[in-house]
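J.: Data: run-v4.cif, mmCIF, C-alpha atoms and all ligand atoms.
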```cif
data_target
#
loop_
_atom_site.label_atom_id
_atom_site.label_comp_id
_atom_site.auth_asym_id
_atom_site.auth_seq_id
_atom_site.Cartn_x
_atom_site.Cartn_y
_atom_site.Cartn_z
CA MET G 56 -92.54 11.22 13.20
CA THR G 57 -89.91 13.77 14.16
CA ARG G 58 -91.57 16.98 15.20
CA ILE G 59 -89.42 19.84 16.41
CA ARG G 60 -89.77 21.09 19.96
CA ASP G 61 -91.39 24.52 20.16
CA HIS G 62 -88.35 26.21 21.74
CA ASP G 63 -86.25 25.13 18.74
CA LEU G 64 -87.79 28.00 16.76
CA GLU G 65 -87.25 30.70 19.37
CA ASN G 66 -83.71 31.72 18.49
CA GLY G 67 -81.81 33.22 15.56
CA LEU G 68 -80.42 30.99 12.86
CA ALA G 69 -76.82 30.78 14.14
CA THR G 70 -78.13 29.75 17.57
CA ARG G 71 -80.54 27.22 16.06
CA ALA G 72 -77.69 25.81 13.99
CA VAL G 73 -75.68 25.04 17.13
CA HIS G 74 -78.45 24.00 19.52
CA ALA G 75 -81.77 23.08 17.88
CA GLY G 76 -82.74 19.46 18.36
CA GLN G 77 -79.84 18.76 20.69
CA GLU G 78 -80.52 18.55 24.41
CA PRO G 79 -77.54 17.28 26.42
CA GLU G 80 -77.72 13.51 26.40
CA PRO G 81 -79.26 12.24 29.69
CA LEU G 82 -77.10 9.13 30.37
CA ALA G 83 -73.67 10.78 30.74
CA GLY G 84 -74.47 14.40 29.95
CA ALA G 85 -72.53 14.36 26.69
CA VAL G 86 -72.63 17.87 25.20
CA THR G 87 -72.46 16.46 21.68
CA MET G 88 -75.18 14.18 20.41
CA PRO G 89 -73.79 10.63 20.54
CA ILE G 90 -73.87 8.28 17.57
CA PHE G 91 -76.52 5.72 18.46
CA GLN G 92 -75.06 2.92 16.39
CA THR G 93 -77.80 0.36 16.87
CA SER G 94 -80.40 -1.41 14.76
CA THR G 95 -82.88 -2.13 17.57
CA TYR G 96 -83.87 -1.10 21.11
CA VAL G 97 -84.66 -3.25 24.13
CA GLN G 98 -88.26 -3.26 25.34
CA ALA G 99 -89.03 -3.45 29.07
CA GLY G 100 -92.23 -5.35 28.36
CA LEU G 101 -94.71 -5.75 25.58
CA GLY G 102 -95.34 -2.30 24.11
CA ARG G 103 -93.13 -0.65 26.78
CA HIS G 104 -90.12 1.16 25.26
CA LYS G 105 -88.46 4.57 25.24
CA GLY G 106 -89.94 5.74 21.96
CA HIS G 107 -87.71 3.72 19.66
CA GLU G 108 -88.40 0.20 18.39
CA TYR G 109 -86.36 -0.32 15.22
CA ALA G 110 -83.77 1.97 13.63
CA ARG G 111 -85.30 2.15 10.14
CA VAL G 112 -88.22 3.89 11.85
CA SER G 113 -86.29 6.07 14.29
CA ASN G 114 -82.85 6.68 15.72
CA PRO G 115 -81.95 9.35 18.31
CA THR G 116 -78.99 10.68 16.29
CA ARG G 117 -81.15 10.91 13.18
CA GLU G 118 -83.93 12.61 15.14
CA ALA G 119 -81.52 15.25 16.44
CA LEU G 120 -80.51 16.01 12.84
CA GLU G 121 -84.12 16.04 11.68
CA ARG G 122 -85.08 18.53 14.40
CA ASN G 123 -82.00 20.64 13.75
CA VAL G 124 -82.56 21.06 9.99
CA ALA G 125 -86.34 21.47 10.42
CA ALA G 126 -85.67 24.30 12.90
CA LEU G 127 -83.16 25.94 10.56
CA GLU G 128 -85.72 25.98 7.75
CA GLY G 129 -88.47 27.20 10.08
CA GLY G 130 -90.42 24.01 9.45
CA THR G 131 -91.94 21.69 12.03
CA HIS G 132 -91.11 18.20 10.73
CA GLY G 133 -87.79 16.96 9.37
CA HIS G 134 -87.09 13.67 7.63
CA ALA G 135 -83.58 12.49 6.80
CA PHE G 136 -82.82 10.28 3.81
CA ALA G 137 -79.79 8.37 2.55
CA SER G 138 -79.09 10.92 -0.21
CA GLY G 139 -80.51 14.04 -1.77
CA MET G 140 -81.92 11.83 -4.53
CA ALA G 141 -83.63 9.56 -1.99
CA ALA G 142 -85.16 12.67 -0.40
CA ILE G 143 -86.45 13.91 -3.77
CA ASP G 144 -87.71 10.43 -4.67
CA SER G 145 -89.66 10.33 -1.40
CA VAL G 146 -91.26 13.66 -2.27
CA LEU G 147 -92.31 12.23 -5.65
CA THR G 148 -93.59 9.10 -3.89
CA LEU G 149 -96.16 11.31 -2.12
CA LEU G 150 -97.90 11.31 -5.53
CA SER G 151 -99.73 8.53 -7.39
CA ALA G 152 -99.67 7.17 -10.94
CA GLY G 153 -101.31 9.61 -13.35
CA ASP G 154 -100.38 12.71 -11.32
CA HIS G 155 -98.63 15.50 -13.21
CA VAL G 156 -95.66 17.54 -11.96
CA VAL G 157 -94.48 20.89 -13.29
CA CYS G 158 -90.71 21.06 -12.80
CA GLY G 159 -88.02 23.62 -13.55
CA GLU G 160 -86.15 22.79 -16.78
CA ASN G 161 -82.82 23.73 -15.24
CA VAL G 162 -82.99 21.50 -12.11
CA TYR G 163 -80.18 19.27 -10.86
CA GLY G 164 -79.37 16.65 -13.51
CA GLY G 165 -80.06 13.76 -11.14
CA THR G 166 -83.53 15.14 -10.42
CA HIS G 167 -84.29 15.28 -14.14
CA ARG G 168 -82.93 11.72 -14.59
CA LEU G 169 -85.03 10.38 -11.70
CA MET G 170 -88.16 11.97 -13.14
CA GLU G 171 -87.58 10.98 -16.77
CA GLN G 172 -85.98 7.55 -16.45
CA VAL G 173 -87.55 6.16 -13.27
CA ARG G 174 -90.68 7.89 -12.01
CA SER G 175 -92.23 8.42 -15.46
CA ARG G 176 -92.04 4.64 -16.05
CA LEU G 177 -94.13 4.25 -12.90
CA GLY G 178 -96.85 6.56 -14.11
CA LEU G 179 -95.97 10.10 -13.03
CA VAL G 180 -96.09 12.70 -15.80
CA PHE G 181 -93.66 15.63 -15.95
CA SER G 182 -93.47 18.96 -17.76
CA TYR G 183 -90.30 21.05 -17.68
CA VAL G 184 -90.57 24.81 -17.88
CA ASP G 185 -88.40 27.88 -17.46
CA THR G 186 -89.36 28.78 -13.90
CA ARG G 187 -88.09 32.35 -14.40
CA GLU G 188 -91.42 32.84 -16.22
CA VAL G 189 -94.39 32.59 -13.88
CA ALA G 190 -96.70 32.65 -16.93
CA ALA G 191 -94.89 29.61 -18.40
CA VAL G 192 -95.43 27.74 -15.14
CA GLU G 193 -99.10 28.69 -15.13
CA ARG G 194 -99.56 27.56 -18.76
CA ALA G 195 -98.06 24.14 -17.92
CA ILE G 196 -100.63 23.42 -15.17
CA ARG G 197 -103.20 20.77 -16.15
CA PRO G 198 -106.18 19.25 -14.32
CA ALA G 199 -103.93 16.37 -13.18
CA THR G 200 -101.14 18.65 -11.89
CA ARG G 201 -100.38 18.01 -8.21
CA MET G 202 -96.90 19.41 -7.68
CA LEU G 203 -94.66 22.32 -8.63
CA PHE G 204 -90.95 21.51 -8.14
CA VAL G 205 -88.39 24.32 -8.36
CA GLU G 206 -84.74 24.96 -7.67
CA THR G 207 -83.44 28.51 -7.19
CA PRO G 208 -80.78 29.57 -7.96
CA THR G 209 -80.25 26.94 -10.64
CA ASN G 210 -77.09 25.08 -11.48
CA PRO G 211 -74.93 26.23 -13.27
CA MET G 212 -76.62 29.23 -14.92
CA MET G 213 -77.66 30.79 -11.58
CA ARG G 214 -81.18 31.61 -12.74
CA LEU G 215 -83.83 32.46 -10.16
CA ALA G 216 -87.45 31.51 -9.69
CA ASP G 217 -89.70 34.08 -8.01
CA LEU G 218 -90.68 32.16 -4.87
CA ALA G 219 -93.41 34.58 -3.76
CA ALA G 220 -95.14 34.55 -7.17
CA LEU G 221 -94.82 30.77 -7.59
CA GLY G 222 -95.92 30.14 -4.00
CA ALA G 223 -99.05 32.21 -4.61
CA LEU G 224 -99.73 30.39 -7.88
CA ALA G 225 -99.22 26.96 -6.32
CA GLY G 226 -101.46 27.94 -3.41
CA SER G 227 -104.28 29.17 -5.65
CA ARG G 228 -104.13 25.98 -7.77
CA ARG G 229 -103.75 23.66 -4.76
CA LEU G 230 -100.40 22.27 -5.89
CA LEU G 231 -97.75 20.95 -3.53
CA PHE G 232 -94.98 23.54 -3.80
CA VAL G 233 -91.54 21.92 -3.44
CA VAL G 234 -88.32 23.94 -3.27
CA ASP G 235 -84.86 22.38 -3.51
CA ASN G 236 -82.98 24.78 -1.21
CA THR G 237 -79.57 23.06 -1.50
CA PHE G 238 -77.80 26.02 -3.15
CA ALA G 239 -79.00 28.90 -0.99
CA THR G 240 -79.44 27.01 2.34
CA PRO G 241 -81.84 28.28 5.04
CA ILE G 242 -79.23 30.88 5.99
CA PHE G 243 -79.91 32.84 2.77
CA GLN G 244 -83.32 31.71 1.52
CA ARG G 245 -86.45 30.73 3.44
CA PRO G 246 -88.94 28.98 1.14
CA PHE G 247 -91.61 28.43 3.83
CA GLU G 248 -92.05 32.20 4.05
CA TYR G 249 -93.13 32.12 0.39
CA GLY G 250 -95.63 29.30 0.69
CA ALA G 251 -93.48 26.21 0.13
CA ASP G 252 -95.06 22.98 1.38
CA LEU G 253 -91.86 20.96 1.23
CA VAL G 254 -88.20 22.02 1.30
CA VAL G 255 -85.62 19.48 0.15
CA HIS G 256 -81.86 19.38 0.57
CA SER G 257 -78.91 17.42 -0.53
CA THR G 258 -77.22 17.54 2.90
CA THR G 259 -74.15 16.27 1.04
CA LYS G 260 -73.52 19.92 0.11
CA TYR G 261 -73.57 22.98 2.39
CA LEU G 262 -75.40 21.46 5.38
CA ASN G 263 -72.65 18.90 5.88
CA GLY G 264 -70.08 21.28 4.43
CA HIS G 265 -67.06 19.00 4.64
CA SER G 266 -67.47 16.71 1.62
CA ASP G 267 -67.45 13.55 3.71
CA MET G 268 -70.89 11.95 3.34
CA ILE G 269 -74.01 11.65 1.14
CA GLY G 270 -77.43 12.53 2.55
CA GLY G 271 -80.76 14.28 2.04
CA MET G 272 -83.53 15.98 4.01
CA VAL G 273 -87.17 16.88 3.52
CA VAL G 274 -88.75 19.50 5.79
CA THR G 275 -92.40 20.49 6.02
CA ARG G 276 -94.72 22.59 8.16
CA ARG G 277 -97.71 20.35 7.50
CA ASP G 278 -98.59 17.52 9.90
CA ASP G 279 -100.22 15.45 7.14
CA LEU G 280 -97.11 15.60 4.94
CA GLY G 281 -94.85 14.92 7.93
CA GLU G 282 -96.85 11.79 8.69
CA GLN G 283 -96.67 10.61 5.08
CA LEU G 284 -92.90 11.19 4.94
CA ALA G 285 -92.36 9.27 8.19
CA PHE G 286 -94.42 6.47 6.68
CA LEU G 287 -92.21 6.50 3.56
CA GLN G 288 -89.04 6.38 5.68
CA LYS G 289 -90.43 3.25 7.32
CA ALA G 290 -92.09 1.66 4.28
CA VAL G 291 -89.37 2.33 1.69
CA GLY G 292 -86.38 2.48 4.01
CA ALA G 293 -84.07 4.93 2.23
CA VAL G 294 -82.79 6.22 5.58
CA PRO G 295 -79.28 7.35 6.52
CA GLY G 296 -77.13 5.63 9.13
CA PRO G 297 -76.44 7.36 12.45
CA PHE G 298 -72.83 8.20 11.65
CA ASP G 299 -73.77 10.09 8.49
CA CYS G 300 -76.48 11.93 10.45
CA TRP G 301 -73.90 12.84 13.06
CA LEU G 302 -71.55 14.21 10.39
CA VAL G 303 -74.29 16.51 9.08
CA LEU G 304 -75.17 17.60 12.63
CA ARG G 305 -71.55 18.46 13.19
CA GLY G 306 -71.62 20.38 9.91
CA THR G 307 -74.75 22.40 10.59
CA LYS G 308 -73.25 23.81 13.80
CA THR G 309 -71.03 26.02 11.64
CA LEU G 310 -73.49 26.52 8.78
CA ALA G 311 -74.17 30.20 9.46
CA LEU G 312 -70.48 30.96 9.86
CA ARG G 313 -69.50 29.05 6.74
CA MET G 314 -72.26 30.52 4.56
CA HIS G 315 -71.17 34.06 5.38
CA GLN G 316 -67.62 33.23 4.32
CA HIS G 317 -68.78 31.44 1.13
CA ASP G 318 -70.87 34.53 0.39
CA ALA G 319 -68.08 37.04 1.05
CA ASN G 320 -65.66 35.05 -1.10
CA GLY G 321 -68.28 34.46 -3.81
CA ARG G 322 -69.01 38.18 -4.07
CA ARG G 323 -65.34 39.14 -4.28
CA ILE G 324 -64.52 36.54 -6.89
CA ALA G 325 -67.60 37.35 -9.00
CA GLN G 326 -66.66 41.05 -8.96
CA TRP G 327 -63.06 40.28 -9.82
CA LEU G 328 -64.05 38.03 -12.74
CA ALA G 329 -66.63 40.55 -13.98
CA ALA G 330 -63.92 43.24 -14.13
CA ASP G 331 -61.48 40.99 -16.02
CA THR G 332 -61.40 41.47 -19.81
CA ARG G 333 -60.34 37.82 -20.30
CA VAL G 334 -63.76 36.70 -19.03
CA PRO G 335 -66.67 37.33 -21.45
CA ALA G 336 -69.50 36.74 -18.94
CA VAL G 337 -70.06 35.97 -15.24
CA PHE G 338 -73.26 34.43 -13.80
CA TYR G 339 -73.80 35.33 -10.14
CA PRO G 340 -77.06 36.70 -8.68
CA GLY G 341 -75.13 39.07 -6.42
CA LEU G 342 -73.79 41.08 -9.38
CA PRO G 343 -75.92 44.14 -10.23
CA ALA G 344 -75.56 43.09 -13.91
CA HIS G 345 -77.35 39.78 -13.25
CA PRO G 346 -80.76 40.11 -14.98
CA GLN G 347 -82.55 38.99 -11.79
CA HIS G 348 -80.37 40.84 -9.27
CA GLU G 349 -83.36 42.73 -7.90
CA LEU G 350 -85.30 39.50 -7.29
CA ALA G 351 -82.18 38.00 -5.68
CA CYS G 352 -82.02 40.95 -3.27
CA ARG G 353 -85.71 40.51 -2.46
CA GLN G 354 -85.79 36.80 -1.71
CA MET G 355 -82.20 36.00 -0.69
CA SER G 356 -80.27 37.49 2.21
CA GLY G 357 -76.94 36.38 0.72
CA PHE G 358 -75.79 35.00 -2.63
CA GLY G 359 -73.41 32.27 -1.54
CA GLY G 360 -70.38 30.77 -3.20
CA MET G 361 -71.78 29.25 -6.40
CA LEU G 362 -71.06 31.00 -9.69
CA SER G 363 -70.18 30.25 -13.27
CA PHE G 364 -68.39 32.14 -16.00
CA GLU G 365 -67.86 31.92 -19.72
CA ALA G 366 -64.28 31.21 -20.71
CA GLY G 367 -64.92 31.72 -24.44
CA SER G 368 -64.24 28.22 -25.77
CA PHE G 369 -63.92 24.60 -24.74
CA GLU G 370 -60.12 24.80 -25.05
CA ARG G 371 -59.89 27.82 -22.75
CA ALA G 372 -62.26 26.24 -20.25
CA ARG G 373 -60.19 23.05 -20.25
CA ARG G 374 -56.96 24.98 -19.68
CA ILE G 375 -58.45 26.90 -16.76
CA VAL G 376 -59.94 23.91 -14.93
CA GLU G 377 -56.72 21.92 -15.37
CA ARG G 378 -54.46 24.77 -14.23
CA THR G 379 -55.97 25.84 -10.91
CA ARG G 380 -54.03 24.69 -7.84
CA ILE G 381 -56.34 25.56 -4.94
CA PHE G 382 -59.62 25.06 -6.81
CA ALA G 383 -59.79 21.26 -7.20
CA LEU G 384 -61.30 19.81 -10.37
CA ALA G 385 -64.26 17.85 -8.99
CA GLU G 386 -68.04 17.48 -9.04
CA SER G 387 -70.16 18.51 -6.05
CA LEU G 388 -70.22 21.75 -4.06
CA GLY G 389 -70.83 23.12 -0.60
CA GLY G 390 -67.68 21.93 1.12
CA VAL G 391 -65.17 24.20 2.81
CA GLU G 392 -62.76 23.64 -0.07
CA SER G 393 -63.06 25.42 -3.42
CA LEU G 394 -63.95 23.29 -6.43
CA ILE G 395 -63.91 24.00 -10.15
CA GLY G 396 -65.83 22.13 -12.81
CA HIS G 397 -66.78 21.99 -16.47
CA PRO G 398 -70.57 21.45 -16.56
CA ALA G 399 -70.78 20.45 -20.25
CA THR G 400 -68.57 17.39 -19.75
CA MET G 401 -69.13 16.79 -16.02
CA THR G 402 -72.38 17.56 -14.17
CA HIS G 403 -74.46 18.21 -17.33
CA ALA G 404 -72.89 15.71 -19.77
CA ALA G 405 -76.19 13.78 -19.90
CA VAL G 406 -78.10 16.85 -21.10
CA PRO G 407 -78.25 16.91 -24.95
CA LYS G 408 -75.96 19.57 -26.42
CA ALA G 409 -78.82 21.44 -28.12
CA MET G 410 -80.69 21.68 -24.81
CA ARG G 411 -77.49 22.78 -23.01
CA GLU G 412 -76.87 25.56 -25.50
CA ALA G 413 -80.50 26.66 -25.38
CA MET G 414 -80.04 27.38 -21.67
CA GLY G 415 -76.71 29.14 -22.22
CA LEU G 416 -74.64 26.22 -20.95
CA THR G 417 -71.89 26.36 -23.55
CA ASP G 418 -68.78 24.19 -23.87
CA GLY G 419 -66.83 27.21 -22.60
CA LEU G 420 -68.70 27.49 -19.30
CA VAL G 421 -66.72 26.99 -16.07
CA ARG G 422 -68.41 26.52 -12.68
CA LEU G 423 -66.93 27.50 -9.34
CA ALA G 424 -67.97 26.28 -5.91
CA VAL G 425 -66.13 28.90 -3.88
CA GLY G 426 -64.91 27.61 -0.52
CA ILE G 427 -63.96 29.40 2.68
CA GLU G 428 -60.24 29.89 2.01
CA ASP G 429 -58.62 33.36 1.84
CA ALA G 430 -60.21 35.21 -1.09
CA ASP G 431 -56.82 36.68 -2.10
CA ASP G 432 -55.39 33.19 -2.55
CA LEU G 433 -58.39 32.07 -4.59
CA ILE G 434 -58.15 35.14 -6.83
CA ALA G 435 -54.41 34.61 -7.34
CA ASP G 436 -55.13 30.99 -8.28
CA LEU G 437 -57.76 32.00 -10.87
CA ASP G 438 -55.47 34.76 -12.16
CA GLN G 439 -52.66 32.34 -12.98
CA ALA G 440 -55.14 29.82 -14.46
CA LEU G 441 -56.61 32.50 -16.74
CA ALA G 442 -53.20 33.60 -18.03
CA PRO G 443 -52.96 33.08 -21.78
C1 LIG Y 501 -76.36 17.25 -5.26
C2 LIG Y 501 -77.74 17.74 -5.45
C3 LIG Y 501 -78.83 16.87 -5.38
C4 LIG Y 501 -78.66 15.37 -5.18
O1 LIG Y 501 -78.17 15.09 -3.92
P1 LIG Y 501 -77.24 13.78 -3.56
O2 LIG Y 501 -76.98 13.98 -2.12
O3 LIG Y 501 -76.04 13.84 -4.44
O4 LIG Y 501 -78.08 12.58 -3.85
C5 LIG Y 501 -80.10 17.41 -5.52
N1 LIG Y 501 -80.28 18.73 -5.74
C6 LIG Y 501 -79.25 19.59 -5.83
C7 LIG Y 501 -79.52 21.04 -6.06
C8 LIG Y 501 -77.95 19.13 -5.69
O5 LIG Y 501 -76.93 19.99 -5.79
#
```
Please lay out the structure from this file as structure tokens.

T.:
Amino acid sequence: MTRIRDHDLENGLATRAVHAGQEPEPLAGAVTMPIFQTSTYVQAGLGRHKGHEYARVSNPTREALERNVAALEGGTHGHAFASGMAAIDSVLTLLSAGDHVVCGENVYGGTHRLMEQVRSRLGLVFSYVDTREVAAVERAIRPATRMLFVETPTNPMMRLADLAALGALAGSRRLLFVVDNTFATPIFQRPFEYGADLVVHSTTKYLNGHSDMIGGMVVTRRDDLGEQLAFLQKAVGAVPGPFDCWLVLRGTKTLALRMHQHDANGRRIAQWLAADTRVPAVFYPGLPAHPQHELACRQMSGFGGMLSFEAGSFERARRIVERTRIFALAESLGGVESLIGHPATMTHAAVPKAMREAMGLTDGLVRLAVGIEDADDLIADLDQALAP
């Protein structure tokens, strides 16, 4: 089980990002954590080894990443998985057949698919609610409810869940409170401070930051959950290879720096779009006009680079996403490069149209994952794409 070292929590977040979990390597003194590309470890005698026996169970490169991300979140145990979905599946595998989960209705599409098409066949029961409404969450709780799973802000409507209120509710009803913190990252949102038991990440996104691998993480502050997650890594085996762990570790070193640039660019672009008469609506929690702006200011220390806007119609949305030159038309988010997407036909195509429209996800909605380029260039790119 990978527990952080106590000194990993002593410093500020930018310092933790660079150093936590990474002592200079003892053999040659390498400053950067090496890639321990091995499946097994030699034993000096029966039961005598250096803490590693088989790489599904533990790997030094993976442990460095696990300590690093756990320290960034302010947790004590980190567990890396082969993808964000594998991380979320492991969280669900903490439960047993018959257990009930209350989940946000606007969560990542893959999370909804995993719950509805895989885990419900194996006996878990799910309810989906608008997690903006604490009362709706409370009404959905049943005697068999064991877990509350939320994402905030949500994709692509940028709706928020009140972490303090939901953390208090989950605590009083003895539910495991799980927060998918992929969008905000620990730099801008700290779910453990609001009572989260488990924080999950798709490290594919901001933590890696360079769009060159797939991975996931689960962090906790509870020894019992840390032990169970380590057991699941070993028993199920959905673990990442050392090279992918190393790529995320390399990414997290600049996480604080990158997030501040994503945030600065996101704010400028949201303001520019909001002031443009060609754009009927902009969804970004950092805009004072966002209906939950006050909550965003309370529980987030930055708003990041994710936003969406209404283009007015499918045809206009199509023209915009096909005309940008710097913003690349692609799924995913969190990399240094800016991406543009059309949720109705891309990330949310599997969601029935009636359900999409009920949540405001129209065929005219365009999503931006704002990168770290020069904001002036990004604005000029959007300006030419929006031209009639
Ligand atoms: C991408 C994403 C996931 C899934 O992660 P993968 O690494 O693609 O498996 C889960 N949650 C959120 C919020 C995501 O953006």

J.: Determine the axis-aligned bounding box of all atoms of segment 300-312 of chain G present in the file, pad each side by 8 Å, and express its centre and edge lengths in Å to one decimal place as AutoDock Vina command-line options.

T.:
```
--center_x -73.5 --center_y 21.4 --center_z 11.3 --size_x 22.0 --size_y 35.0 --size_z 21.0
```

J.: Give me the residues within 8 Å of Arg58 of chain G as a VMD selection string, counting only C-alpha atoms and dropping any in the same chain fewer than 4 places off.

T.: chain G and resid 122 131 to 133

J.: Near segment 305-322 of chain G, counting all atoms listed in the file, which residues have an atom at most 7 Å away, once you skip same-chain residues fewer than 6 positions from it, shown as a ChimeraX atom specification?

T.: /G:69,72-73,242,262-264,341,357-361,425-427,430

J.: What does the distance from atom CA of Ser182 of chain G to atom CA of Val162 of chain G come to in Å, to one decimal?

T.: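 Between atom CA of Ser182 of chain G and atom CA of Val162 of chain G the gap is 12.2 Å.
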
J.: Show me which residues line ligand LIG 501 (chain Y), defined as having an atom within 9 Å of a ligand atom where all atoms listed in the file count, and present them as number ranges by chain.

T.: G: 137-143, 162-166, 206-210, 235-238, 255-260, 268-271, 387-389

J.: Take atom CA of Thr70 of chain G and atom CA of Glu428 of chain G and report the distance between them in Å, one decimal.

T.: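 Taking atom CA of Thr70 of chain G as the start and atom CA of Glu428 of chain G as the end point, the length is 23.7 Å.
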
J.: Return the single residue from G:Arg174, G:Arg197, G:His134, G:His397 that is closest to Thr148 of chain G, with distances computed using all atoms listed in the file.

T.: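 Among the listed residues, the smallest separation from Thr148 of chain G belongs to G:Arg174.
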
J.: Could you jot down the atom CA of Phe247 of chain G to atom CA of Leu304 of chain G separation for me, Å, one decimal place?

T.: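 If I compute the distance from atom CA of Phe247 of chain G to atom CA of Leu304 of chain G, I get 21.6 Å.
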
J.: Could you check which of G:Asp217, G:Pro89, G:Gly76, G:Ala225 is closest to Val156 of chain G, using only C-alpha atoms?

T.: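 Checking each candidate against Val156 of chain G, we get G:Ala225 as the closest.
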
J.: Between G:Gly130, G:Pro115, G:Gly102, G:Gly367, which residue has the minimum interatomic distance to Arg60 of chain G, considering all atoms listed in the file?

T.: G:Gly130

J.: Around the point (-90.7, 23.8, -5.8) in the file's coordinates, collect all residues with an atom within 7 Å, using only C-alpha atoms, and return them as a PDB file with C-alpha atoms, in the coordinates of the input.

T.:
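out_34.pdb, freshly written:
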```
ATOM      1  CA  LEU G 203     -94.660  22.320  -8.630  1.00  0.00           C
ATOM      2  CA  PHE G 204     -90.950  21.510  -8.140  1.00  0.00           C
ATOM      3  CA  VAL G 205     -88.390  24.320  -8.360  1.00  0.00           C
ATOM      4  CA  GLU G 206     -84.740  24.960  -7.670  1.00  0.00           C
ATOM      5  CA  PHE G 232     -94.980  23.540  -3.800  1.00  0.00           C
ATOM      6  CA  VAL G 233     -91.540  21.920  -3.440  1.00  0.00           C
ATOM      7  CA  VAL G 234     -88.320  23.940  -3.270  1.00  0.00           C
ATOM      8  CA  ASP G 235     -84.860  22.380  -3.510  1.00  0.00           C
ATOM      9  CA  ALA G 251     -93.480  26.210   0.130  1.00  0.00           C
TER      10      ALA G 251
END
```

J.: Residues within 9 Å of Ala325 of chain G, please, as number ranges by chain. Count only C-alpha atoms; anything in the same chain fewer than 5 positions from it doesn't count.

T.: G: 320, 330, 337-339, 341-342, 362-364

J.: So which residues touch Pro346 of chain G within 12 Å, counting all atoms listed in the file, skipping near sequence neighbours fewer than 6 positions away, as number ranges by chain?

T.: G: 187, 212-215, 337-340, 352

J.: Find, counting only C-alpha atoms, the residue in G:Thr240, G:Gly67, G:Glu370, G:Gln92 that gets nearest to Phe298 of chain G.

T.: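 Comparing G:Thr240, G:Gly67, G:Glu370, G:Gln92 against Phe298 of chain G, the winner is G:Gln92.
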
J.: Residues near Glu248 of chain G, anyone? I mean within 9 Å using all atoms listed in the file, not counting same-chain ones fewer than 3 positions away, as a list in words.

T.: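 The neighbour list is Gly129, Ala219, Arg245 and Ala251 of chain G.
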
J.: Between G:Gly415, G:His403, G:Val391, G:Leu420, which one has atoms that come closest to Arg371 of chain G, using all atoms listed in the file?

T.: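 Once distances to Arg371 of chain G are computed over all atoms listed in the file, the minimum belongs to G:Leu420.
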